[in-house]
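> Input my_file07.txt, format and content: compact mmCIF, C-alpha atoms.
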# COMPACT_ATOMS: atom_id res chain seq x y z
CA MET A 8 36.65 7.53 0.85
CA GLY A 9 37.43 10.06 3.54
CA PRO A 10 37.47 13.88 3.54
CA LEU A 11 40.96 14.05 2.00
CA GLN A 12 40.06 12.00 -1.06
CA GLY A 13 41.81 13.50 -4.08
CA ILE A 14 44.79 14.84 -2.12
CA LYS A 15 48.08 13.32 -3.31
CA ILE A 16 51.05 13.14 -0.95
CA ILE A 17 54.60 11.92 -1.46
CA GLU A 18 56.19 10.55 1.71
CA PHE A 19 59.86 9.77 2.18
CA ALA A 20 60.31 6.77 4.45
CA ALA A 21 61.42 7.71 7.96
CA LEU A 22 60.85 6.73 11.58
CA GLY A 23 58.33 7.78 14.20
CA PRO A 24 56.41 11.04 13.90
CA ALA A 25 56.72 11.53 10.12
CA PRO A 26 55.04 8.22 9.22
CA MET A 27 52.47 8.71 11.98
CA GLY A 28 51.60 12.16 10.70
CA THR A 29 51.33 10.74 7.20
CA MET A 30 49.20 7.88 8.51
CA LEU A 31 46.71 10.38 9.91
CA LEU A 32 46.36 11.96 6.46
CA ALA A 33 46.22 8.60 4.68
CA ASP A 34 43.58 7.34 7.12
CA LEU A 35 41.39 10.27 6.11
CA GLY A 36 41.58 9.45 2.43
CA ALA A 37 44.72 11.10 1.08
CA GLU A 38 46.51 9.10 -1.60
CA VAL A 39 50.02 8.57 -0.27
CA LEU A 40 52.98 7.22 -2.21
CA ARG A 41 55.81 6.27 0.12
CA ILE A 42 59.31 6.50 -1.37
CA GLU A 43 61.79 4.08 0.16
CA ARG A 44 65.43 3.56 -0.61
CA LYS A 45 66.06 0.60 -2.86
CA ALA A 46 67.54 -2.48 -1.14
CA GLY A 47 71.27 -2.09 -0.83
CA ALA A 48 71.00 1.69 -0.78
CA GLY A 49 69.89 2.19 2.80
CA SER A 50 66.51 0.49 2.41
CA ARG A 51 63.53 0.56 4.76
CA PRO A 52 64.65 2.43 7.90
CA THR A 53 62.24 0.47 10.10
CA ALA A 54 63.63 -2.95 9.23
CA GLU A 55 66.03 -3.17 12.15
CA LEU A 56 63.42 -2.15 14.71
CA PHE A 57 60.08 -3.37 13.43
CA ASP A 58 58.53 -6.07 11.33
CA PRO A 59 57.30 -4.03 8.33
CA ALA A 60 54.20 -6.21 8.01
CA LEU A 61 53.14 -5.21 11.52
CA ASP A 62 54.06 -1.51 11.36
CA ILE A 63 50.69 0.18 11.86
CA LEU A 64 52.16 3.62 11.18
CA ASN A 65 52.74 2.61 7.55
CA ARG A 66 49.20 1.54 6.76
CA ASN A 67 47.12 2.96 3.91
CA ARG A 68 49.78 3.79 1.34
CA ARG A 69 51.55 2.30 -1.61
CA VAL A 70 55.34 1.95 -1.69
CA VAL A 71 57.95 2.44 -4.37
CA ALA A 72 61.62 1.73 -3.70
CA LEU A 73 64.09 3.86 -5.66
CA ASP A 74 67.86 4.15 -5.72
CA LEU A 75 68.01 7.78 -4.61
CA LYS A 76 71.77 7.86 -5.15
CA ARG A 77 71.13 7.93 -8.89
CA PRO A 78 70.23 11.20 -10.66
CA GLU A 79 67.72 9.37 -12.83
CA ALA A 80 65.80 8.35 -9.71
CA ILE A 81 65.82 11.94 -8.45
CA ALA A 82 64.41 13.01 -11.80
CA ALA A 83 61.64 10.41 -11.41
CA VAL A 84 60.80 11.76 -7.95
CA LEU A 85 60.62 15.30 -9.31
CA ARG A 86 58.22 14.01 -11.95
CA LEU A 87 56.04 12.71 -9.11
CA VAL A 88 56.35 16.04 -7.29
CA GLU A 89 54.76 17.79 -10.25
CA GLY A 90 51.52 15.94 -9.62
CA ALA A 91 51.54 16.01 -5.82
CA ASP A 92 49.74 18.30 -3.42
CA ALA A 93 52.17 17.75 -0.55
CA LEU A 94 55.49 16.15 0.29
CA ILE A 95 56.48 14.89 3.74
CA GLU A 96 60.01 14.09 4.90
CA GLY A 97 61.51 13.37 8.29
CA PHE A 98 65.28 13.68 7.84
CA ARG A 99 67.78 15.97 9.53
CA PRO A 100 68.00 19.44 8.01
CA GLY A 101 69.99 19.41 4.77
CA VAL A 102 69.51 15.75 3.81
CA MET A 103 66.83 16.42 1.20
CA GLU A 104 68.87 19.31 -0.19
CA ARG A 105 71.87 17.02 -0.63
CA LEU A 106 69.67 14.56 -2.51
CA GLY A 107 68.60 17.35 -4.84
CA LEU A 108 65.04 17.25 -3.49
CA GLY A 109 65.00 20.25 -1.17
CA PRO A 110 62.07 22.69 -1.01
CA GLU A 111 63.56 25.17 -3.45
CA VAL A 112 63.96 22.56 -6.19
CA CYS A 113 60.60 20.90 -5.54
CA LEU A 114 58.71 24.20 -5.47
CA GLN A 115 60.25 25.10 -8.81
CA HIS A 116 58.70 21.93 -10.23
CA ASN A 117 55.39 22.51 -8.43
CA PRO A 118 54.75 26.00 -7.04
CA ARG A 119 51.59 24.78 -5.22
CA LEU A 120 53.44 22.07 -3.27
CA VAL A 121 53.14 22.00 0.52
CA TYR A 122 56.49 20.72 1.75
CA GLY A 123 56.16 19.17 5.23
CA ARG A 124 59.39 18.78 7.22
CA MET A 125 59.39 16.78 10.47
CA THR A 126 62.41 17.11 12.75
CA GLY A 127 63.16 17.05 16.44
CA TRP A 128 64.84 20.41 16.87
CA GLY A 129 63.57 22.25 13.78
CA GLN A 130 65.15 23.42 10.54
CA GLN A 131 67.01 26.22 12.34
CA GLY A 132 68.30 26.69 15.87
CA LEU A 133 71.36 25.80 17.93
CA LEU A 134 70.49 22.10 18.05
CA ALA A 135 69.10 21.74 14.52
CA GLN A 136 71.86 19.35 13.41
CA SER A 137 71.98 17.33 16.64
CA ALA A 138 70.58 13.84 17.10
CA GLY A 139 67.77 13.31 19.55
CA HIS A 140 64.64 11.39 20.43
CA ASP A 141 61.25 12.10 21.98
CA ILE A 142 62.64 12.13 25.51
CA ASN A 143 65.20 14.81 24.58
CA TYR A 144 62.73 17.10 22.85
CA LEU A 145 60.35 16.65 25.76
CA SER A 146 63.10 17.64 28.16
CA LEU A 147 63.52 21.11 26.67
CA SER A 148 59.78 21.88 26.75
CA GLY A 149 59.40 21.78 30.54
CA ALA A 150 57.01 18.84 30.21
CA LEU A 151 59.32 16.00 31.28
CA HIS A 152 60.35 17.86 34.42
CA ALA A 153 56.70 18.15 35.41
CA ILE A 154 55.79 14.46 35.09
CA GLY A 155 56.44 12.14 38.03
CA GLU A 156 55.98 11.62 41.75
CA PRO A 157 57.20 13.96 44.50
CA GLY A 158 60.90 13.60 45.25
CA ARG A 159 61.43 11.06 42.50
CA LYS A 160 62.85 11.19 38.98
CA PRO A 161 60.84 12.45 35.99
CA VAL A 162 58.70 9.73 34.40
CA VAL A 163 58.86 9.04 30.68
CA PRO A 164 55.30 9.23 29.23
CA LEU A 165 56.10 6.70 26.47
CA ASN A 166 56.76 8.68 23.28
CA LEU A 167 53.27 10.12 23.22
CA VAL A 168 54.09 13.78 23.81
CA ALA A 169 56.92 14.83 21.49
CA ASP A 170 56.72 12.12 18.79
CA GLY A 171 52.93 11.83 18.83
CA GLY A 172 51.16 14.98 19.98
CA GLY A 173 53.95 17.47 19.40
CA GLY A 174 55.29 15.84 16.25
CA ALA A 175 52.86 13.79 14.17
CA MET A 176 49.73 15.73 15.11
CA LEU A 177 51.34 19.13 14.49
CA LEU A 178 52.83 17.89 11.21
CA ALA A 179 49.42 16.76 9.97
CA LEU A 180 47.81 20.01 11.12
CA GLY A 181 50.52 22.07 9.45
CA VAL A 182 50.24 20.23 6.15
CA LEU A 183 46.46 20.58 6.17
CA ALA A 184 46.73 24.29 6.93
CA GLY A 185 49.23 24.67 4.09
CA LEU A 186 46.94 22.82 1.69
CA LEU A 187 44.00 25.00 2.65
CA GLU A 188 46.00 28.20 2.15
CA ALA A 189 47.39 26.98 -1.18
CA ARG A 190 43.88 26.55 -2.54
CA GLY A 191 43.35 30.28 -2.26
CA SER A 192 46.82 31.61 -3.01
CA GLY A 193 47.99 29.07 -5.56
CA GLN A 194 51.31 28.98 -3.74
CA GLY A 195 52.91 26.26 -1.72
CA GLN A 196 55.26 26.66 1.21
CA VAL A 197 57.46 24.83 3.71
CA VAL A 198 55.93 23.53 6.96
CA ASP A 199 58.69 23.38 9.59
CA ALA A 200 57.27 20.98 12.22
CA ALA A 201 59.64 20.52 15.18
CA MET A 202 58.92 18.18 18.05
CA THR A 203 60.52 20.51 20.56
CA ASP A 204 58.09 23.26 19.44
CA GLY A 205 55.13 20.89 19.54
CA ALA A 206 55.95 19.53 22.99
CA ALA A 207 56.18 23.10 24.29
CA LEU A 208 52.85 23.97 22.67
CA LEU A 209 51.18 21.05 24.41
CA MET A 210 52.28 22.58 27.72
CA SER A 211 50.15 25.69 27.12
CA MET A 212 47.67 24.90 29.90
CA MET A 213 50.43 24.22 32.40
CA TYR A 214 52.16 27.48 31.51
CA THR A 215 48.77 29.18 31.98
CA LEU A 216 48.46 27.71 35.47
CA LYS A 217 52.04 28.77 36.19
CA ALA A 218 51.26 32.34 35.12
CA MET A 219 48.27 32.32 37.46
CA GLY A 220 50.41 31.18 40.37
CA GLN A 221 48.66 27.82 40.45
CA TRP A 222 51.54 25.58 39.40
CA GLN A 223 54.46 24.64 41.62
CA PRO A 224 57.75 23.34 40.19
CA GLU A 225 57.81 20.28 42.48
CA ARG A 226 56.60 17.16 40.68
CA GLY A 227 53.43 15.57 41.97
CA SER A 228 52.24 18.64 43.86
CA ASN A 229 49.76 20.13 41.42
CA LEU A 230 46.21 19.62 40.24
CA LEU A 231 46.97 17.76 37.01
CA ASP A 232 50.20 15.92 37.86
CA GLY A 233 48.87 13.52 40.47
CA GLY A 234 49.34 15.90 43.37
CA ALA A 235 45.63 16.14 44.13
CA HIS A 236 43.96 13.17 45.81
CA PHE A 237 41.00 13.49 43.44
CA TYR A 238 43.17 13.37 40.29
CA ASP A 239 45.41 10.32 40.44
CA THR A 240 45.57 6.55 40.02
CA TYR A 241 44.97 4.06 42.84
CA GLU A 242 45.74 0.40 43.25
CA CYS A 243 42.81 -1.92 43.87
CA ARG A 244 42.70 -5.08 45.96
CA ASP A 245 43.53 -7.29 42.95
CA GLY A 246 46.60 -5.27 41.97
CA LYS A 247 44.83 -3.53 39.11
CA TRP A 248 44.42 0.22 38.94
CA LEU A 249 41.69 2.84 38.89
CA SER A 250 41.93 6.41 37.59
CA ILE A 251 40.08 9.19 39.39
CA GLY A 252 39.54 12.66 37.95
CA ALA A 253 36.77 14.10 40.12
CA ILE A 254 37.71 17.78 39.89
CA GLU A 255 34.36 19.57 39.84
CA PRO A 256 32.47 19.69 43.18
CA GLN A 257 29.49 17.69 41.94
CA PHE A 258 31.76 14.95 40.64
CA TYR A 259 33.82 15.00 43.82
CA ALA A 260 30.63 14.63 45.87
CA LEU A 261 29.72 11.54 43.84
CA LEU A 262 33.19 10.12 44.43
CA LEU A 263 32.76 10.43 48.19
CA GLU A 264 29.25 9.04 48.04
CA LYS A 265 30.13 5.96 46.00
CA THR A 266 33.25 5.18 48.02
CA GLY A 267 31.29 5.57 51.24
CA ILE A 268 33.72 8.18 52.59
CA THR A 269 32.30 10.24 55.44
CA ASP A 270 35.57 11.54 56.87
CA PRO A 271 34.99 15.31 57.30
CA GLU A 272 38.56 16.10 56.22
CA PHE A 273 37.60 15.15 52.66
CA GLN A 274 35.31 18.18 52.58
CA GLN A 275 38.45 20.33 52.33
CA GLN A 276 38.93 19.37 48.68
CA TRP A 277 41.09 22.36 47.69
CA ASP A 278 43.31 22.58 50.75
CA ARG A 279 46.65 21.62 49.17
CA SER A 280 48.24 20.99 52.55
CA ARG A 281 45.81 18.11 53.06
CA TRP A 282 46.28 16.46 49.66
CA PRO A 283 49.11 14.06 50.64
CA ARG A 284 47.19 12.81 53.67
CA LEU A 285 43.91 12.53 51.77
CA LYS A 286 45.67 10.53 49.05
CA GLU A 287 46.79 8.02 51.66
CA LYS A 288 43.29 7.75 53.07
CA LEU A 289 41.70 7.38 49.62
CA ALA A 290 44.27 4.76 48.65
CA GLN A 291 43.26 2.69 51.68
CA VAL A 292 39.61 2.85 50.64
CA ILE A 293 40.26 1.95 47.00
CA GLY A 294 42.43 -0.94 48.13
CA THR A 295 39.47 -2.64 49.79
CA ARG A 296 37.85 -3.74 46.52
CA THR A 297 38.89 -5.14 43.16
CA ARG A 298 38.99 -2.95 40.07
CA ASP A 299 35.92 -4.63 38.59
CA GLU A 300 34.00 -4.20 41.82
CA TRP A 301 34.72 -0.48 41.78
CA CYS A 302 33.75 -0.26 38.09
CA GLU A 303 30.41 -1.81 38.93
CA ILE A 304 29.88 0.68 41.75
CA PHE A 305 30.76 3.68 39.59
CA ASP A 306 29.06 2.44 36.43
CA GLY A 307 26.67 5.04 35.03
CA THR A 308 27.78 7.83 37.38
CA ASP A 309 29.57 11.13 36.74
CA ALA A 310 32.25 10.51 39.36
CA CYS A 311 34.95 10.56 36.63
CA VAL A 312 36.34 7.15 37.55
CA ALA A 313 37.65 4.66 34.99
CA PRO A 314 39.66 1.43 34.95
CA VAL A 315 43.30 1.63 33.89
CA LEU A 316 43.32 -0.86 31.02
CA ASP A 317 46.29 -2.57 29.43
CA MET A 318 46.64 -2.93 25.66
CA ASP A 319 44.92 -6.32 25.66
CA GLU A 320 41.96 -5.03 27.66
CA ALA A 321 41.43 -1.68 25.92
CA PRO A 322 40.13 -3.05 22.59
CA ARG A 323 37.66 -5.23 24.47
CA HIS A 324 36.14 -2.48 26.61
CA PRO A 325 32.41 -2.07 25.87
CA HIS A 326 32.72 1.65 25.12
CA ASN A 327 35.60 1.14 22.70
CA ARG A 328 33.71 -1.69 21.04
CA SER A 329 30.56 0.41 20.71
CA ARG A 330 32.51 3.19 18.97
CA HIS A 331 34.78 0.83 17.02
CA THR A 332 37.74 2.69 18.49
CA PHE A 333 39.95 -0.26 17.59
CA THR A 334 39.94 -2.38 14.48
CA GLU A 335 41.76 -5.46 13.20
CA VAL A 336 43.68 -5.32 9.94
CA GLY A 337 45.56 -8.34 8.66
CA GLY A 338 45.28 -9.96 12.07
CA VAL A 339 46.77 -6.91 13.83
CA VAL A 340 44.63 -5.13 16.42
CA GLN A 341 45.16 -1.38 16.09
CA PRO A 342 43.52 2.00 16.68
CA ALA A 343 40.97 2.91 14.03
CA ALA A 344 41.05 6.13 12.03
CA ALA A 345 40.02 9.28 13.87
CA PRO A 346 38.31 11.70 14.05
CA ARG A 347 34.90 10.66 12.72
CA PHE A 348 33.13 12.33 9.81
CA SER A 349 29.37 12.24 9.22
CA ARG A 350 29.41 12.52 5.42
CA THR A 351 32.84 11.33 4.27
CA PRO A 352 33.88 8.50 6.58
CA PRO A 353 37.35 7.01 6.01
CA ALA A 354 37.64 3.56 4.49
CA ARG A 355 38.76 0.64 6.61
CA PRO A 356 42.56 0.82 7.04
CA ALA A 357 44.65 -1.18 4.60
CA PRO A 358 47.60 -3.18 5.95
CA PRO A 359 51.12 -1.79 5.44
CA GLN A 360 52.69 -2.63 2.11
CA THR A 361 55.90 -4.59 2.57
CA ALA A 362 57.15 -4.72 -1.00
CA SER A 363 57.85 -2.10 -3.62
CA ASP A 364 54.96 -1.59 -6.02
CA PRO A 365 56.33 0.07 -9.16
CA GLN A 366 52.87 -0.14 -10.73
CA ALA A 367 51.89 2.74 -8.45
CA LEU A 368 53.93 4.99 -10.73
CA LEU A 369 51.41 4.35 -13.50
CA ASP A 370 48.67 5.78 -11.31
CA TRP A 371 50.84 8.84 -10.70
CA GLY A 372 51.20 9.65 -14.40
CA PHE A 373 54.08 7.53 -15.66
CA ASN A 374 53.49 5.57 -18.86
CA ALA A 375 54.44 1.95 -19.47
CA GLY A 376 57.54 2.89 -21.44
CA GLU A 377 58.87 5.15 -18.70
CA LEU A 378 58.26 2.44 -16.10
CA ALA A 379 60.10 -0.08 -18.28
CA ALA A 380 63.03 2.31 -18.63
CA LEU A 381 63.30 2.73 -14.86
CA ARG A 382 63.35 -1.03 -14.45
CA GLU A 383 65.93 -1.44 -17.20
CA GLN A 384 68.18 1.08 -15.47
CA ARG A 385 67.67 -0.83 -12.19
CA LEU A 386 66.44 2.29 -10.45
CA LEU A 387 63.48 0.38 -9.00
Now, as a test, write the supplied structure out as structure tokens.


Amino acid sequence: MGPLQGIKIIEFAALGPAPMGTMLLADLGAEVLRIERKAGAGSRPTAELFDPALDILNRNRRVVALDLKRPEAIAAVLRLVEGADALIEGFRPGVMERLGLGPEVCLQHNPRLVYGRMTGWGQQGLLAQSAGHDINYLSLSGALHAIGEPGRKPVVPLNLVADGGGGAMLLALGVLAGLLEARGSGQGQVVDAAMTDGAALLMSMMYTLKAMGQWQPERGSNLLDGGAHFYDTYECRDGKWLSIGAIEPQFYALLLEKTGITDPEFQQQWDRSRWPRLKEKLAQVIGTRTRDEWCEIFDGTDACVAPVLDMDEAPRHPHNRSRHTFTEVGGVVQPAAAPRFSRTPPARPAPPQTASDPQALLDWGFNAGELAALREQRLL
């Protein structure tokens, strides 16, 4: 099931964006075999941070644990590489080479292999060998500096930007592009996906506005950073929040109509000097009703107003329920696969596998004798 059915991917267990990028491909039908380090040899990197049974990012793949310190295990991995379409790893530059599983070796065994590499700083560059996390990669893109309120510190947007959008999404896109190209050329290649590059790429619209002279360096003073009174969040009477994004004049007119605002100053929508004062006035109006009362008032309109939901509320929202945006797998509520496909819809997500499944090797071309030999050598 899914548009990527028939694509075979080897994944080396890692944290964050690499497993998320792999999840996106697995959700869409790719057959993923996740290689983990055998217990006692640096096993499951998520164990200290997450309960593996609840780790949504690891859904939809089978797992094999191997002792990658042994040459026989490396040979087994290279045997798997021969039948794979892609390989994904998320280590610092040089780690896979030291294991004997770098791109040069793997491409010798399978010239059509697309070798996806997910790092923070990239395979080359001054910081390539430095440690870092989403917040650090985001810092160098210009994005973190731009997020926050006027005169206050930059606000961390969870790890959505560098790990998610700039990392996992770009990794998945890069691997898919590589697979598409390989179908025509018969040649694989390395996909160097760096979170610092991806975070910068996601800032393209803001750099466009800057080039047009429409973006100021001060946080919270621009159209899309909460500086505009018609593009921000507001607290309601019950302490819950409402988001407003009424940019276009027709939507802005509906906002004023539904809030009952007749103050003539609000007609100066694009006068930046008035935005701080208009935000205060709008905040007073929004604070007169509860969030649900405002939702009822704006229901069915194009005023671009929505409730700010928490993670318990979001799966229950009528729109999300109607689209099945969330699903429940093994008792865990989680986002469903996306995007949607009309002819090859993905199967329902399978829960993450928490134990090594050596039998998966049989499905990847090993015979029973070879599997028995690996077990006898305690490589599994």

> Any idea what's packed within 10 Å of range 244-251 of chain A, counting only C-alpha atoms, ignoring anything in its chain fewer than 4 positions away? Could you give it as an mmCIF file with C-alpha atoms, keeping the file's coordinate frame?


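Contents of out-v7.cif, freshly written:
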data_model
loop_
_atom_site.group_PDB
_atom_site.id
_atom_site.type_symbol
_atom_site.label_atom_id
_atom_site.label_comp_id
_atom_site.auth_asym_id
_atom_site.auth_seq_id
_atom_site.Cartn_x
_atom_site.Cartn_y
_atom_site.Cartn_z
ATOM 1 C CA GLY A 233 48.870 13.520 40.470
ATOM 2 C CA HIS A 236 43.960 13.170 45.810
ATOM 3 C CA PHE A 237 41.000 13.490 43.440
ATOM 4 C CA TYR A 238 43.170 13.370 40.290
ATOM 5 C CA ASP A 239 45.410 10.320 40.440
ATOM 6 C CA THR A 240 45.570 6.550 40.020
ATOM 7 C CA TYR A 259 33.820 15.000 43.820
ATOM 8 C CA LEU A 262 33.190 10.120 44.430
ATOM 9 C CA GLN A 291 43.260 2.690 51.680
ATOM 10 C CA VAL A 292 39.610 2.850 50.640
ATOM 11 C CA ILE A 293 40.260 1.950 47.000
ATOM 12 C CA GLY A 294 42.430 -0.940 48.130
ATOM 13 C CA THR A 295 39.470 -2.640 49.790
ATOM 14 C CA ARG A 296 37.850 -3.740 46.520
ATOM 15 C CA THR A 297 38.890 -5.140 43.160
ATOM 16 C CA ARG A 298 38.990 -2.950 40.070
ATOM 17 C CA ASP A 299 35.920 -4.630 38.590
ATOM 18 C CA GLU A 300 34.000 -4.200 41.820
ATOM 19 C CA TRP A 301 34.720 -0.480 41.780
ATOM 20 C CA CYS A 302 33.750 -0.260 38.090
ATOM 21 C CA ALA A 310 32.250 10.510 39.360
ATOM 22 C CA CYS A 311 34.950 10.560 36.630
ATOM 23 C CA VAL A 312 36.340 7.150 37.550
ATOM 24 C CA ALA A 313 37.650 4.660 34.990
ATOM 25 C CA PRO A 314 39.660 1.430 34.950
ATOM 26 C CA VAL A 315 43.300 1.630 33.890
ATOM 27 C CA LEU A 316 43.320 -0.860 31.020
ATOM 28 C CA ASP A 317 46.290 -2.570 29.430
#

> Distance CA of Trp277 in chain A-CA of Lys160 in chain A, one decimal place?

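Value for the CA of Trp277 in chain A-CA of Lys160 in chain A distance: 26.0 Å.
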
> Find the residue from A:Gly97, A:Gly338, A:Gly252, A:Gly193 that sits nearest to Asn117 in chain A; use only C-alpha atoms when measuring.

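Checking each candidate against Asn117 in chain A, we get A:Gly193 as the closest.
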
> For a cut-off of 12 Å around (35.7, -1.1, 17.8), file coordinates, pick out all residues using only C-alpha atoms and list them as a PyMOL selection string.

chain A and resi 321-336+340-345+355

> Calculated over all atoms listed in the file, which of the candidates A:Asp62, A:Asp306, A:Glu383, A:Asp204 has the smallest distance to Ser146 in chain A?

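That would be A:Asp204, the residue with the smallest distance to Ser146 in chain A.
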
> Using all atoms listed in the file, which of the listed residues (A:Leu32, A:Val197, A:Ala153, A:Met176) sits closest to Pro110 in chain A?

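The answer is A:Val197, which sits nearest to Pro110 in chain A.
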
> Just the number, please: distance in Å from CA of Ala375 in chain A to CA of Val84 in chain A, one decimal.

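Calculated distance between CA of Ala375 in chain A and CA of Val84 in chain A is 16.4 Å.
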
> Write out as a list in words each polymer residue whose atoms come within 10 Å of Met27 in chain A, counting only C-alpha atoms; drop sequence neighbours fewer than 6 positions from it.

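After dropping sequence-adjacent residues, the list is Ala21, Ala33, Ile63, Leu64, Asn65, Arg66, Asp170, Gly171, Gly174, Ala175, Met176, Leu178 and Ala179 of chain A.
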
> Can you tell me which residues surround range 205-221 of chain A at a distance of at most 6 Å, considering only C-alpha atoms, apart from same-chain residues fewer than 4 positions away, and format the answer as a short mmCIF file (atom, residue, chain, number, x, y, z; two decimals) with C-alpha atoms, in the frame of the given file?


data_model
loop_
_atom_site.label_atom_id
_atom_site.label_comp_id
_atom_site.auth_asym_id
_atom_site.auth_seq_id
_atom_site.Cartn_x
_atom_site.Cartn_y
_atom_site.Cartn_z
CA LEU A 145 60.35 16.65 25.76
CA SER A 148 59.78 21.88 26.75
CA ALA A 169 56.92 14.83 21.49
CA GLY A 173 53.95 17.47 19.40
#

> I'd like to know which of A:His152, A:Arg105, A:Lys286, A:Arg68 is closest to Pro164 in chain A, using all atoms listed in the file.

A:His152

> For Gly13 in chain A, please output as a PyMOL selection string all residues within 10 Å (counting all atoms listed in the file; exclusion window: fewer than 2 positions along the same chain).

chain A and resi 8-11+15-16+36-38+92

> Save range 192-198 of chain A from what I just supplied, as a tab-separated table (two decimals), in the first residue's frame, atoms limited to all heavy atoms.


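Final output, saved to selection.tsv:
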chain	number	residue	atom	x	y	z
A	192	SER	N	19.03	7.21	-14.85
A	192	SER	CA	20.48	7.14	-15.08
A	192	SER	C	21.09	5.79	-14.73
A	192	SER	O	22.15	5.44	-15.22
A	192	SER	CB	21.19	8.22	-14.25
A	192	SER	OG	21.09	7.92	-12.86
A	193	GLY	N	20.41	5.06	-13.84
A	193	GLY	CA	20.98	3.81	-13.36
A	193	GLY	C	22.09	4.01	-12.36
A	193	GLY	O	22.76	3.05	-11.97
A	194	GLN	N	22.27	5.25	-11.90
A	194	GLN	CA	23.35	5.56	-10.97
A	194	GLN	C	22.80	6.17	-9.68
A	194	GLN	O	21.92	7.02	-9.72
A	194	GLN	CB	24.32	6.55	-11.60
A	194	GLN	CG	24.97	6.05	-12.87
A	194	GLN	CD	25.91	7.08	-13.47
A	194	GLN	OE1	26.82	7.56	-12.78
A	194	GLN	NE2	25.68	7.45	-14.71
A	195	GLY	N	23.35	5.72	-8.58
A	195	GLY	CA	22.99	6.31	-7.31
A	195	GLY	C	23.86	7.52	-7.01
A	195	GLY	O	24.69	7.92	-7.82
A	196	GLN	N	23.65	8.08	-5.83
A	196	GLN	CA	24.46	9.23	-5.41
A	196	GLN	C	24.22	9.50	-3.93
A	196	GLN	O	23.34	8.91	-3.30
A	196	GLN	CB	24.11	10.47	-6.24
A	196	GLN	CG	22.67	10.92	-6.14
A	196	GLN	CD	22.39	12.10	-7.05
A	196	GLN	OE1	23.10	13.10	-7.01
A	196	GLN	NE2	21.35	11.99	-7.88
A	197	VAL	N	25.01	10.43	-3.39
A	197	VAL	CA	24.89	10.81	-1.99
A	197	VAL	C	23.98	12.03	-1.88
A	197	VAL	O	24.11	12.99	-2.64
A	197	VAL	CB	26.27	11.14	-1.39
A	197	VAL	CG1	26.13	11.65	0.04
A	197	VAL	CG2	27.16	9.90	-1.43
A	198	VAL	N	23.04	11.99	-0.94
A	198	VAL	CA	22.19	13.14	-0.62
A	198	VAL	C	22.68	13.72	0.70
A	198	VAL	O	22.55	13.10	1.75
A	198	VAL	CB	20.71	12.72	-0.50
A	198	VAL	CG1	19.84	13.92	-0.14
A	198	VAL	CG2	20.22	12.07	-1.80
